[in-house]
>>> print(open('input27.txt').read())   # compact mmCIF, C-alpha atoms
# COMPACT_ATOMS: atom_id res chain seq x y z
CA MET H 1 0.00 0.00 0.00
CA SER H 2 1.42 3.35 -1.02
CA ILE H 3 0.45 6.57 0.73
CA PRO H 4 0.69 9.72 -1.43
CA THR H 5 3.27 12.31 -0.52
CA ALA H 6 2.16 14.42 2.42
CA ASP H 7 0.59 17.75 1.46
CA PRO H 8 -0.19 19.70 4.64
CA ALA H 9 -1.17 22.83 2.70
CA ALA H 10 -3.89 20.93 0.85
CA GLY H 11 -5.07 19.49 4.17
CA ARG H 12 -5.34 22.95 5.67
CA ALA H 13 -7.40 24.12 2.70
CA VAL H 14 -9.77 21.15 3.01
CA LYS H 15 -10.14 21.78 6.74
CA ALA H 16 -10.73 25.53 6.24
CA ALA H 17 -13.50 24.94 3.70
CA ASP H 18 -15.09 22.34 5.97
CA ARG H 19 -15.06 24.66 8.95
CA ALA H 20 -16.46 27.52 6.89
CA HIS H 21 -19.33 25.68 5.21
CA VAL H 22 -20.02 22.10 6.38
CA PHE H 23 -22.63 21.59 9.09
CA HIS H 24 -21.81 18.28 10.81
CA SER H 25 -24.28 15.76 12.18
CA TRP H 26 -24.64 15.02 15.92
CA SER H 27 -22.16 17.79 16.75
CA ALA H 28 -21.78 21.13 18.49
CA GLN H 29 -20.23 22.84 15.50
CA ALA H 30 -17.70 24.99 17.37
CA LEU H 31 -16.41 22.10 19.47
CA ILE H 32 -15.32 19.65 16.77
CA ASP H 33 -12.07 19.30 14.82
CA PRO H 34 -12.67 17.01 11.82
CA LEU H 35 -9.66 15.16 10.45
CA ALA H 36 -8.96 16.04 6.81
CA VAL H 37 -8.63 12.68 5.02
CA ALA H 38 -6.56 12.40 1.85
CA GLY H 39 -7.24 8.79 0.89
CA ALA H 40 -8.04 5.23 1.92
CA GLU H 41 -7.40 1.65 0.91
CA GLY H 42 -8.39 -1.66 2.47
CA SER H 43 -8.36 -1.39 6.27
CA TYR H 44 -6.57 1.98 6.33
CA PHE H 45 -7.09 5.65 5.63
CA TRP H 46 -4.63 8.54 5.90
CA ASP H 47 -4.49 12.30 6.36
CA TYR H 48 -2.66 15.03 4.45
CA ASP H 49 0.25 14.95 6.91
CA GLY H 50 1.00 11.34 5.96
CA ASN H 51 -0.41 9.76 9.12
CA ARG H 52 -2.00 6.38 8.45
CA TYR H 53 -4.86 4.95 10.57
CA LEU H 54 -5.98 1.34 10.92
CA ASP H 55 -9.76 1.68 10.68
CA PHE H 56 -11.15 -0.23 13.66
CA SER H 57 -14.45 1.63 13.21
CA SER H 58 -15.20 0.73 9.57
CA GLN H 59 -16.19 4.43 9.50
CA LEU H 60 -19.73 4.04 10.89
CA VAL H 61 -19.53 0.24 10.90
CA ASN H 62 -20.33 0.20 7.20
CA THR H 63 -17.16 -0.35 5.14
CA ASN H 64 -17.52 -4.12 5.41
CA ILE H 65 -15.64 -4.69 2.15
CA GLY H 66 -12.92 -2.21 3.09
CA HIS H 67 -11.96 1.06 1.45
CA GLN H 68 -11.65 1.40 -2.33
CA HIS H 69 -12.24 -2.23 -3.25
CA PRO H 70 -11.17 -2.25 -6.91
CA LYS H 71 -14.07 -4.40 -8.16
CA VAL H 72 -16.65 -2.10 -6.61
CA VAL H 73 -14.92 1.06 -7.81
CA ALA H 74 -14.77 -0.38 -11.34
CA ALA H 75 -18.46 -1.32 -11.25
CA ILE H 76 -19.44 2.23 -10.30
CA GLN H 77 -17.27 3.62 -13.09
CA GLU H 78 -18.73 1.19 -15.63
CA GLN H 79 -22.31 1.95 -14.57
CA ALA H 80 -21.68 5.70 -14.67
CA ALA H 81 -20.48 5.40 -18.26
CA LYS H 82 -23.52 3.31 -19.18
CA LEU H 83 -26.46 4.84 -17.27
CA CYS H 84 -26.02 7.18 -14.31
CA THR H 85 -29.61 7.49 -13.17
CA LEU H 86 -33.17 6.52 -13.99
CA ALA H 87 -36.45 6.86 -12.11
CA PRO H 88 -37.55 3.98 -9.87
CA GLY H 89 -40.48 3.05 -12.13
CA PHE H 90 -38.25 1.54 -14.81
CA ALA H 91 -36.66 -1.90 -14.90
CA VAL H 92 -32.89 -1.38 -14.79
CA GLU H 93 -30.31 -4.16 -15.04
CA SER H 94 -28.25 -3.16 -11.99
CA ARG H 95 -31.40 -2.71 -9.88
CA SER H 96 -32.89 -6.04 -10.91
CA GLU H 97 -29.63 -7.88 -10.33
CA ALA H 98 -29.03 -6.26 -6.94
CA ALA H 99 -32.54 -7.25 -5.83
CA ARG H 100 -32.00 -10.82 -7.05
CA LEU H 101 -28.68 -11.20 -5.26
CA ILE H 102 -30.07 -9.79 -2.00
CA ALA H 103 -33.21 -11.96 -2.17
CA GLU H 104 -31.04 -15.06 -2.70
CA ARG H 105 -29.34 -14.39 0.64
CA THR H 106 -32.20 -13.23 2.85
CA PRO H 107 -33.81 -15.90 5.03
CA GLY H 108 -37.13 -17.55 4.21
CA ASP H 109 -39.41 -16.00 1.60
CA LEU H 110 -38.14 -12.43 1.86
CA ASP H 111 -37.94 -12.22 -1.91
CA LYS H 112 -39.22 -8.71 -2.70
CA ILE H 113 -36.83 -5.79 -2.22
CA PHE H 114 -37.89 -2.17 -1.74
CA PHE H 115 -34.83 0.02 -2.17
CA THR H 116 -34.11 3.15 -0.12
CA ASN H 117 -31.16 5.50 0.24
CA GLY H 118 -30.09 4.24 3.66
CA GLY H 119 -31.00 2.45 6.86
CA ALA H 120 -33.24 5.07 8.43
CA GLU H 121 -35.45 5.19 5.34
CA ALA H 122 -35.50 1.39 5.30
CA ASN H 123 -36.88 1.34 8.83
CA GLU H 124 -39.37 4.10 8.03
CA ASN H 125 -40.78 2.05 5.18
CA ALA H 126 -40.75 -1.20 7.13
CA VAL H 127 -42.92 0.44 9.77
CA ARG H 128 -45.20 1.81 7.05
CA LEU H 129 -45.56 -1.67 5.55
CA ALA H 130 -46.32 -3.19 8.95
CA ARG H 131 -48.97 -0.61 9.78
CA LEU H 132 -50.66 -0.99 6.41
CA HIS H 133 -50.54 -4.79 6.62
CA THR H 134 -52.05 -5.00 10.10
CA GLY H 135 -54.24 -1.90 10.21
CA ARG H 136 -52.67 -1.17 13.60
CA GLN H 137 -50.49 1.75 14.70
CA LYS H 138 -48.23 0.90 17.63
CA VAL H 139 -44.66 -0.31 17.17
CA LEU H 140 -42.57 -1.83 19.97
CA ALA H 141 -38.82 -1.22 20.07
CA THR H 142 -36.15 -1.71 22.72
CA TYR H 143 -34.53 1.00 24.81
CA ARG H 144 -31.02 -0.10 23.83
CA SER H 145 -31.28 0.44 20.09
CA TYR H 146 -30.60 2.74 17.18
CA HIS H 147 -32.80 2.70 14.07
CA GLY H 148 -31.96 5.97 12.30
CA ALA H 149 -32.45 9.72 12.45
CA THR H 150 -35.60 10.32 10.39
CA ALA H 151 -38.92 10.98 12.13
CA ASN H 152 -40.21 7.47 12.83
CA ALA H 153 -36.74 5.92 12.96
CA ILE H 154 -35.54 8.25 15.70
CA ALA H 155 -38.75 7.62 17.65
CA LEU H 156 -38.00 3.89 17.43
CA THR H 157 -34.46 4.51 18.68
CA GLY H 158 -33.77 3.78 22.33
CA ASP H 159 -30.59 5.78 22.90
CA PRO H 160 -30.33 9.45 23.98
CA ARG H 161 -30.28 10.77 20.41
CA ARG H 162 -34.04 10.27 20.52
CA TRP H 163 -34.57 12.72 23.37
CA PRO H 164 -34.32 16.07 21.54
CA ASN H 165 -36.08 14.73 18.43
CA GLU H 166 -39.15 12.85 19.61
CA THR H 167 -42.61 14.38 19.76
CA GLY H 168 -43.94 11.85 22.25
CA VAL H 169 -46.93 11.00 20.00
CA SER H 170 -45.19 8.63 17.60
CA GLY H 171 -47.05 5.44 18.45
CA VAL H 172 -43.79 3.83 19.58
CA VAL H 173 -43.57 1.94 22.88
CA HIS H 174 -40.18 0.97 24.27
CA PHE H 175 -39.38 -2.16 26.26
CA TRP H 176 -36.26 -3.83 27.69
CA GLY H 177 -34.42 -6.29 25.53
CA PRO H 178 -32.01 -8.90 26.90
CA TYR H 179 -28.62 -7.77 28.21
CA PRO H 180 -27.33 -10.48 30.58
CA TYR H 181 -24.33 -8.46 31.81
CA ARG H 182 -26.58 -5.62 33.02
CA SER H 183 -29.84 -7.51 33.39
CA ASN H 184 -33.02 -5.57 34.04
CA PHE H 185 -34.60 -8.84 35.09
CA HIS H 186 -32.16 -9.87 37.85
CA ALA H 187 -31.24 -12.90 35.77
CA GLU H 188 -28.35 -15.10 36.86
CA ASN H 189 -27.65 -16.67 33.46
CA GLU H 190 -28.54 -16.41 29.78
CA ALA H 191 -31.42 -18.87 30.02
CA GLN H 192 -33.09 -16.83 32.77
CA GLU H 193 -32.42 -13.61 30.86
CA CYS H 194 -34.12 -15.01 27.77
CA GLU H 195 -37.12 -16.35 29.67
CA ARG H 196 -37.65 -13.18 31.68
CA ALA H 197 -37.09 -10.83 28.73
CA LEU H 198 -39.73 -12.69 26.73
CA ALA H 199 -42.14 -12.61 29.66
CA HIS H 200 -41.55 -8.86 30.00
CA LEU H 201 -42.25 -8.33 26.29
CA GLU H 202 -45.45 -10.33 26.48
CA GLN H 203 -46.57 -8.28 29.49
CA VAL H 204 -45.92 -5.04 27.62
CA ILE H 205 -48.03 -6.34 24.73
CA ALA H 206 -50.83 -7.28 27.11
CA PHE H 207 -50.90 -3.84 28.72
CA GLU H 208 -50.64 -2.01 25.39
CA GLY H 209 -53.32 -4.19 23.84
CA ALA H 210 -52.15 -6.83 21.39
CA GLY H 211 -54.75 -5.67 18.87
CA THR H 212 -53.09 -2.25 18.71
CA VAL H 213 -49.53 -3.45 18.00
CA ALA H 214 -48.48 -3.46 14.36
CA ALA H 215 -44.86 -4.50 14.73
CA ILE H 216 -41.93 -5.34 16.95
CA ILE H 217 -38.61 -4.10 15.60
CA LEU H 218 -35.29 -5.41 16.87
CA GLU H 219 -31.70 -5.07 15.80
CA THR H 220 -30.75 -8.72 15.34
CA VAL H 221 -27.52 -7.93 17.17
CA VAL H 222 -27.80 -4.54 18.84
CA GLY H 223 -25.10 -2.34 17.32
CA THR H 224 -24.27 1.16 18.50
CA ALA H 225 -25.97 0.56 21.84
CA GLY H 226 -23.50 -2.14 22.81
CA VAL H 227 -23.04 -5.07 20.40
CA LEU H 228 -25.59 -7.06 22.38
CA VAL H 229 -25.81 -10.62 21.09
CA PRO H 230 -29.23 -12.11 21.91
CA PRO H 231 -29.24 -15.16 24.19
CA PRO H 232 -30.18 -18.50 22.62
CA GLY H 233 -33.92 -18.77 22.10
CA TYR H 234 -34.74 -15.08 22.36
CA LEU H 235 -35.31 -14.28 18.69
CA ALA H 236 -37.27 -17.51 18.22
CA GLY H 237 -39.36 -16.52 21.23
CA VAL H 238 -40.13 -13.11 19.76
CA ARG H 239 -41.04 -14.79 16.48
CA GLU H 240 -43.51 -17.04 18.31
CA ILE H 241 -45.07 -14.10 20.18
CA CYS H 242 -45.49 -12.17 16.94
CA ASP H 243 -47.14 -15.15 15.25
CA ARG H 244 -49.52 -15.63 18.16
CA TYR H 245 -50.73 -12.03 18.19
CA GLY H 246 -50.61 -11.24 14.47
CA ILE H 247 -47.73 -8.78 14.94
CA VAL H 248 -45.22 -8.08 12.17
CA PHE H 249 -41.67 -9.00 13.17
CA ILE H 250 -39.06 -6.58 11.77
CA LEU H 251 -35.35 -7.32 12.05
CA ASP H 252 -33.06 -4.33 11.57
CA GLU H 253 -29.91 -5.72 9.95
CA VAL H 254 -28.60 -2.33 8.83
CA MET H 255 -25.41 -2.74 10.87
CA ALA H 256 -25.36 -6.50 11.46
CA GLY H 257 -26.03 -7.59 7.88
CA PHE H 258 -23.75 -8.47 4.96
CA GLY H 259 -20.96 -10.25 6.74
CA ARG H 260 -20.50 -8.18 9.87
CA THR H 261 -21.31 -11.12 12.20
CA GLY H 262 -19.60 -13.75 10.06
CA ALA H 263 -22.83 -14.63 8.25
CA TRP H 264 -24.66 -12.95 5.39
CA PHE H 265 -27.30 -11.87 7.90
CA ALA H 266 -27.13 -12.13 11.67
CA ALA H 267 -30.52 -13.87 11.66
CA ASP H 268 -28.77 -16.85 10.04
CA HIS H 269 -27.04 -17.63 13.35
CA TRP H 270 -30.38 -18.38 14.99
CA GLY H 271 -32.41 -19.69 12.04
CA VAL H 272 -35.09 -17.03 12.48
CA THR H 273 -37.03 -15.45 9.60
CA PRO H 274 -38.70 -12.08 10.19
CA ASP H 275 -41.59 -10.68 8.15
CA LEU H 276 -39.50 -7.68 7.13
CA LEU H 277 -35.72 -7.28 7.15
CA THR H 278 -34.03 -3.90 6.74
CA PHE H 279 -30.50 -3.42 5.41
CA ALA H 280 -28.04 -0.74 4.27
CA LYS H 281 -24.37 -0.12 5.24
CA GLY H 282 -22.62 -3.38 4.30
CA VAL H 283 -24.78 -4.05 1.20
CA ASN H 284 -22.24 -1.92 -0.70
CA SER H 285 -20.11 -0.49 2.14
CA GLY H 286 -21.62 2.93 1.58
CA TYR H 287 -19.71 3.49 -1.67
CA VAL H 288 -22.98 4.99 -2.98
CA PRO H 289 -25.91 5.47 -0.54
CA LEU H 290 -28.22 2.43 -0.54
CA GLY H 291 -30.58 0.64 1.81
CA GLY H 292 -33.76 -1.36 1.58
CA VAL H 293 -36.45 -3.60 2.98
CA ALA H 294 -36.73 -7.30 2.19
CA ILE H 295 -40.43 -8.17 2.25
CA SER H 296 -42.20 -11.47 2.91
CA ALA H 297 -44.54 -12.97 0.34
CA GLU H 298 -47.57 -12.40 2.57
CA ILE H 299 -46.93 -8.69 3.05
CA ALA H 300 -45.89 -8.15 -0.57
CA ALA H 301 -49.20 -9.73 -1.66
CA ASP H 302 -51.09 -6.90 0.06
CA PHE H 303 -49.87 -4.59 -2.65
CA ALA H 304 -50.55 -6.76 -5.68
CA GLU H 305 -53.73 -4.82 -6.48
CA ARG H 306 -53.35 -1.67 -4.38
CA PRO H 307 -50.52 0.85 -4.56
CA PHE H 308 -47.87 1.02 -1.88
CA PRO H 309 -48.12 4.63 -0.65
CA GLY H 310 -44.41 5.42 -0.49
CA GLY H 311 -41.48 6.07 -2.74
CA LEU H 312 -38.15 7.84 -3.18
CA THR H 313 -36.74 9.62 -6.21
CA TYR H 314 -33.48 7.71 -5.89
CA SER H 315 -34.90 4.33 -4.90
CA GLY H 316 -32.70 1.65 -6.43
CA HIS H 317 -30.31 4.21 -7.91
CA PRO H 318 -28.37 2.53 -10.75
CA LEU H 319 -24.94 3.55 -9.40
CA ALA H 320 -25.80 2.34 -5.91
CA CYS H 321 -27.22 -0.94 -7.18
CA ALA H 322 -24.21 -1.55 -9.42
CA SER H 323 -21.97 -1.13 -6.40
CA ALA H 324 -24.16 -3.57 -4.44
CA VAL H 325 -23.93 -6.17 -7.20
CA ALA H 326 -20.14 -5.86 -7.28
CA THR H 327 -19.94 -5.95 -3.48
CA ILE H 328 -22.07 -9.07 -3.07
CA ASN H 329 -20.26 -10.88 -5.86
CA ALA H 330 -16.84 -9.93 -4.47
CA MET H 331 -17.87 -11.04 -0.98
CA ALA H 332 -18.93 -14.42 -2.38
CA GLU H 333 -15.92 -14.89 -4.68
CA GLU H 334 -13.32 -13.80 -2.14
CA GLY H 335 -14.77 -15.52 0.94
CA ILE H 336 -15.18 -12.22 2.78
CA VAL H 337 -18.06 -13.41 4.98
CA GLU H 338 -16.02 -16.48 5.88
CA ASN H 339 -13.04 -14.26 6.64
CA ALA H 340 -15.12 -12.22 9.08
CA ALA H 341 -16.16 -15.40 10.87
CA HIS H 342 -12.56 -16.69 10.92
CA ILE H 343 -11.13 -13.44 12.27
CA GLY H 344 -13.76 -13.38 15.00
CA GLU H 345 -13.22 -16.99 16.03
CA THR H 346 -9.42 -17.07 15.89
CA VAL H 347 -8.15 -13.53 16.46
CA LEU H 348 -10.62 -10.99 17.83
CA GLY H 349 -12.59 -13.20 20.20
CA PRO H 350 -9.59 -14.93 21.79
CA GLY H 351 -7.49 -11.74 21.68
CA LEU H 352 -10.09 -9.60 23.40
CA ARG H 353 -10.66 -12.24 26.07
CA GLU H 354 -6.91 -12.31 26.70
CA LEU H 355 -6.97 -8.52 27.11
CA ALA H 356 -9.74 -8.92 29.68
CA GLU H 357 -7.47 -11.15 31.75
CA ARG H 358 -4.86 -8.39 31.92
CA HIS H 359 -7.00 -5.26 32.15
CA PRO H 360 -9.34 -4.78 35.13
CA SER H 361 -11.25 -2.05 33.28
CA ILE H 362 -12.76 -4.66 30.92
CA GLY H 363 -15.98 -5.85 32.49
CA GLU H 364 -17.22 -7.98 29.60
CA VAL H 365 -16.18 -9.00 26.10
CA ARG H 366 -19.00 -9.81 23.68
CA GLY H 367 -19.53 -10.19 19.98
CA LEU H 368 -19.03 -12.39 16.93
CA GLY H 369 -17.48 -12.04 13.49
CA VAL H 370 -15.95 -8.57 13.24
CA PHE H 371 -18.58 -7.11 15.59
CA TRP H 372 -17.26 -6.84 19.17
CA ALA H 373 -17.47 -4.57 22.19
CA LEU H 374 -15.59 -4.14 25.44
CA ASP H 375 -17.87 -3.07 28.28
CA LEU H 376 -15.51 -0.90 30.34
CA VAL H 377 -16.03 -0.55 34.09
CA LYS H 378 -14.68 1.17 37.17
CA ASP H 379 -15.31 -1.87 39.32
CA ARG H 380 -15.70 -5.43 38.04
CA ALA H 381 -17.48 -6.51 41.21
CA THR H 382 -20.25 -3.90 40.96
CA ARG H 383 -20.06 -3.54 37.14
CA GLU H 384 -20.21 0.24 37.54
CA PRO H 385 -19.61 1.70 34.05
CA LEU H 386 -16.34 3.52 33.47
CA VAL H 387 -18.32 6.67 32.65
CA PRO H 388 -21.97 7.51 33.45
CA TYR H 389 -24.75 6.87 30.94
CA ASN H 390 -24.68 9.54 28.21
CA ALA H 391 -21.68 11.22 29.85
CA ALA H 392 -20.30 14.42 28.34
CA GLY H 393 -17.44 16.81 29.07
CA ALA H 394 -15.36 16.01 32.11
CA ASP H 395 -17.55 13.03 33.00
CA ASN H 396 -16.55 11.39 29.73
CA ALA H 397 -12.84 12.17 30.05
CA PRO H 398 -11.65 8.54 30.47
CA MET H 399 -13.25 7.48 27.21
CA ALA H 400 -12.11 10.59 25.37
CA GLU H 401 -8.58 9.98 26.62
CA LEU H 402 -8.73 6.37 25.42
CA ALA H 403 -9.89 7.40 21.93
CA ALA H 404 -7.23 10.09 21.62
CA ALA H 405 -4.49 7.66 22.66
CA CYS H 406 -5.62 5.21 19.96
CA LYS H 407 -5.49 7.89 17.29
CA ARG H 408 -1.99 8.96 18.31
CA ARG H 409 -0.89 5.37 17.76
CA GLY H 410 -2.52 5.05 14.34
CA LEU H 411 -5.66 3.17 15.37
CA TRP H 412 -9.02 4.79 14.57
CA PRO H 413 -11.47 3.75 17.31
CA PHE H 414 -15.24 3.46 17.69
CA VAL H 415 -16.24 4.43 21.24
CA ASN H 416 -19.73 4.95 22.60
CA MET H 417 -20.52 5.75 26.24
CA ASN H 418 -18.51 3.26 28.34
CA ARG H 419 -17.80 0.88 25.45
CA PHE H 420 -14.98 0.34 23.00
CA HIS H 421 -16.33 -1.31 19.84
CA VAL H 422 -13.96 -3.44 17.77
CA VAL H 423 -15.47 -3.32 14.29
CA PRO H 424 -12.84 -3.48 11.51
CA PRO H 425 -13.79 -4.28 7.90
CA CYS H 426 -14.82 -7.86 7.10
CA THR H 427 -11.73 -7.96 4.88
CA VAL H 428 -9.33 -7.29 7.77
CA THR H 429 -6.32 -9.61 7.83
CA GLU H 430 -5.04 -11.54 10.84
CA GLU H 431 -1.97 -9.30 10.89
CA GLU H 432 -4.06 -6.12 10.88
CA ALA H 433 -6.43 -7.42 13.57
CA LYS H 434 -3.51 -8.38 15.80
CA ALA H 435 -1.88 -4.97 15.25
CA GLY H 436 -5.08 -3.27 16.39
CA LEU H 437 -5.30 -5.48 19.48
CA ALA H 438 -1.69 -4.64 20.34
CA VAL H 439 -2.51 -0.92 20.33
CA LEU H 440 -5.60 -1.56 22.41
CA ASP H 441 -3.55 -3.56 24.91
CA GLU H 442 -1.24 -0.58 25.31
CA VAL H 443 -3.88 2.14 25.71
CA LEU H 444 -6.14 0.21 28.09
CA SER H 445 -3.65 1.02 30.84
CA LEU H 446 -5.30 4.45 30.77
CA THR H 447 -8.74 3.08 31.64
CA ASP H 448 -7.25 0.65 34.16
CA ALA H 449 -6.03 3.70 36.07
CA HIS H 450 -9.67 4.62 36.75
CA THR H 451 -10.59 1.27 38.31
CA VAL H 452 -10.91 0.49 41.99
>>> encode(input="input27.txt", output="structure tokens")
Amino acid sequence: MSIPTADPAAGRAVKAADRAHVFHSWSAQALIDPLAVAGAEGSYFWDYDGNRYLDFSSQLVNTNIGHQHPKVVAAIQEQAAKLCTLAPGFAVESRSEAARLIAERTPGDLDKIFFTNGGAEANENAVRLARLHTGRQKVLATYRSYHGATANAIALTGDPRRWPNETGVSGVVHFWGPYPYRSNFHAENEAQECERALAHLEQVIAFEGAGTVAAIILETVVGTAGVLVPPPGYLAGVREICDRYGIVFILDEVMAGFGRTGAWFAADHWGVTPDLLTFAKGVNSGYVPLGGVAISAEIAADFAERPFPGGLTYSGHPLACASAVATINAMAEEGIVENAAHIGETVLGPGLRELAERHPSIGEVRGLGVFWALDLVKDRATREPLVPYNAAGADNAPMAELAAACKRRGLWPFVNMNRFHVVPPCTVTEEEAKAGLAVLDEVLSLTDAHTV
């Protein structure tokens, strides 16, 4: 890998234009200092000063195929030369092929694909489909979740980004999902956590009125809110509850899908088929914005003779779909999903558990594939988080210090609240994964200093 010659003057110009005109998401504009990035390749990106970073964040956990994969770049170039854009109402080769390839990999009979521009829009339209299918309005979602930043998607979300955005009249009801390490149900093991979480969900449905609930939406593996892997039996239990009450089961695979967990979809690990499955991110690693909803035969049949009342100008955009076709084919041809599983089983899982033996600030290691989190604590006995929930400023200093130390050592981290997420591309090599773990081993001494 060759990094272009450093050009600090160009970097300063990029930064100046950004600071003058770009309004950044989720940020107090005067308090941020965006890194000016000059290029990227594989598991790395670099700045204009020649500093290279191992991307242990996959940006926003979306560059599953790595940066600048040549087959995907070539497919976008080829499609741009052939047909840049066309309205959604036409049949377009790249769109048709992308839908076919996705439908081949989704579980069960999820064979119809409604394309969107990203994950939030996918969840918006999944909720719309569920409400139209059932004639009901309420949607149940967990507190520890993130489903997007558009109106309904942010109402579904269970983390603090919902607070300043929600109207309180969205028709969304939140409940507690399973989290054995910090159980809301006083469970002593995974089996108890599963049983009690399902009983809690059924009680919420009873008190809300089963006849008013259109859908339950879950991240198959909770992503930003903690990489929470469901205990055995939980997803099957939710499926059974949904079947019993005529509720649509939506699985949000926006972050977990397309190889992230070492399977095409995380649902494959538990053999569960939802009624609707949403995706984005890894479908083409965000090379061109794309998301969608995979729809069951029963729900799709509702719209055989009546119009679906929703649509997007750029739904199934030819460039985005061409990049998805190239991504899926490359993942299959190059064994990228299998690589993610291998790295998780042989490098990240064992390596992170070894770190936990040496670092008292690691309360729990959890994950699979290239989708892991360290739950950092002040006290292993009490499991008190290293920083308070939704900490900011001085309260968040230990985590901010950890992230800064990683960056100084050439590792780009993904941190959220008291957690360090280990989420490199699915293409990461053993050598790269081990290099990232070595940096993490070094910087965790900083968080250990805050333990009792």
>>> closest_residue(input="input27.txt", among="H:Thr142, H:Thr447, H:Gln137, H:Thr382", to="H:Glu401", atoms="all atoms listed in the file")
H:Thr447
>>> closest_atom_pairs(input="input27.txt", of="stretch 304-395 of chain H", to="stretch 52-60 of chain H", cutoff="12 Å", atoms="all atoms listed in the file", output="CSV")
residue,atom,partner,partner_atom,distance
H:Leu348,CA,H:Phe56,CA,11.6
H:Val370,CA,H:Phe56,CA,9.6
H:Phe371,CA,H:Ser57,CA,10.0
H:Trp372,CA,H:Phe56,CA,10.6
H:Ala373,CA,H:Ser57,CA,11.3
>>> closest_residue(input="input27.txt", among="H:Arg353, H:Arg260, H:His450, H:His269", to="H:Gly66", atoms="all atoms listed in the file")
H:Arg260
>>> closest_residue(input="input27.txt", among="H:Ile113, H:Leu355, H:Leu86, H:Leu31", to="H:Ala297", atoms="all atoms listed in the file")
H:Ile113
>>> atom_distance(input="input27.txt", atom1="atom CA of H:Glu298", atom2="atom CA of H:Ser170")
26.0 Å
>>> axis_aligned_box(input="input27.txt", around="stretch 74-83 of chain H", padding_each_side="3 Å", output="AutoDock Vina command-line options")
--center_x -20.6 --center_y 2.2 --center_z -14.7 --size_x 17.7 --size_y 13.0 --size_z 14.9
>>> closest_residue(input="input27.txt", among="H:Met399, H:Val221, H:Val283, H:Ala38", to="H:Thr327", atoms="all atoms listed in the file")
H:Val283
>>> closest_atom_pairs(input="input27.txt", of="stretch 206-312 of chain H", to="stretch 175-195 of chain H", cutoff="10 Å", atoms="all atoms listed in the file", output="tab-separated table")
residue	atom	partner	partner_atom	distance
H:Leu218	CA	H:Gly177	CA	8.7
H:Val222	CA	H:Gly177	CA	9.6
H:Gly226	CA	H:Tyr179	CA	9.3
H:Val227	CA	H:Tyr179	CA	10.0
H:Leu228	CA	H:Tyr179	CA	6.6
H:Val229	CA	H:Tyr179	CA	8.2
H:Pro230	CA	H:Pro178	CA	6.6
H:Pro231	CA	H:Glu190	CA	5.8
H:Pro232	CA	H:Cys194	CA	7.4
H:Gly233	CA	H:Cys194	CA	6.8
H:Tyr234	CA	H:Cys194	CA	5.4
H:Leu235	CA	H:Cys194	CA	9.2
H:Gly237	CA	H:Cys194	CA	8.5
>>> closest_residue(input="input27.txt", among="H:Glu338, H:Asn123, H:Thr167, H:Glu104", to="H:Ala149", atoms="all atoms listed in the file")
H:Asn123
>>> atom_distance(input="input27.txt", atom1="atom CA of H:Glu93", atom2="atom CA of H:Gly282")
20.8 Å
>>> closest_residue(input="input27.txt", among="H:His317, H:Arg100, H:His421, H:Arg19", to="H:Glu364", atoms="all atoms listed in the file")
H:His421
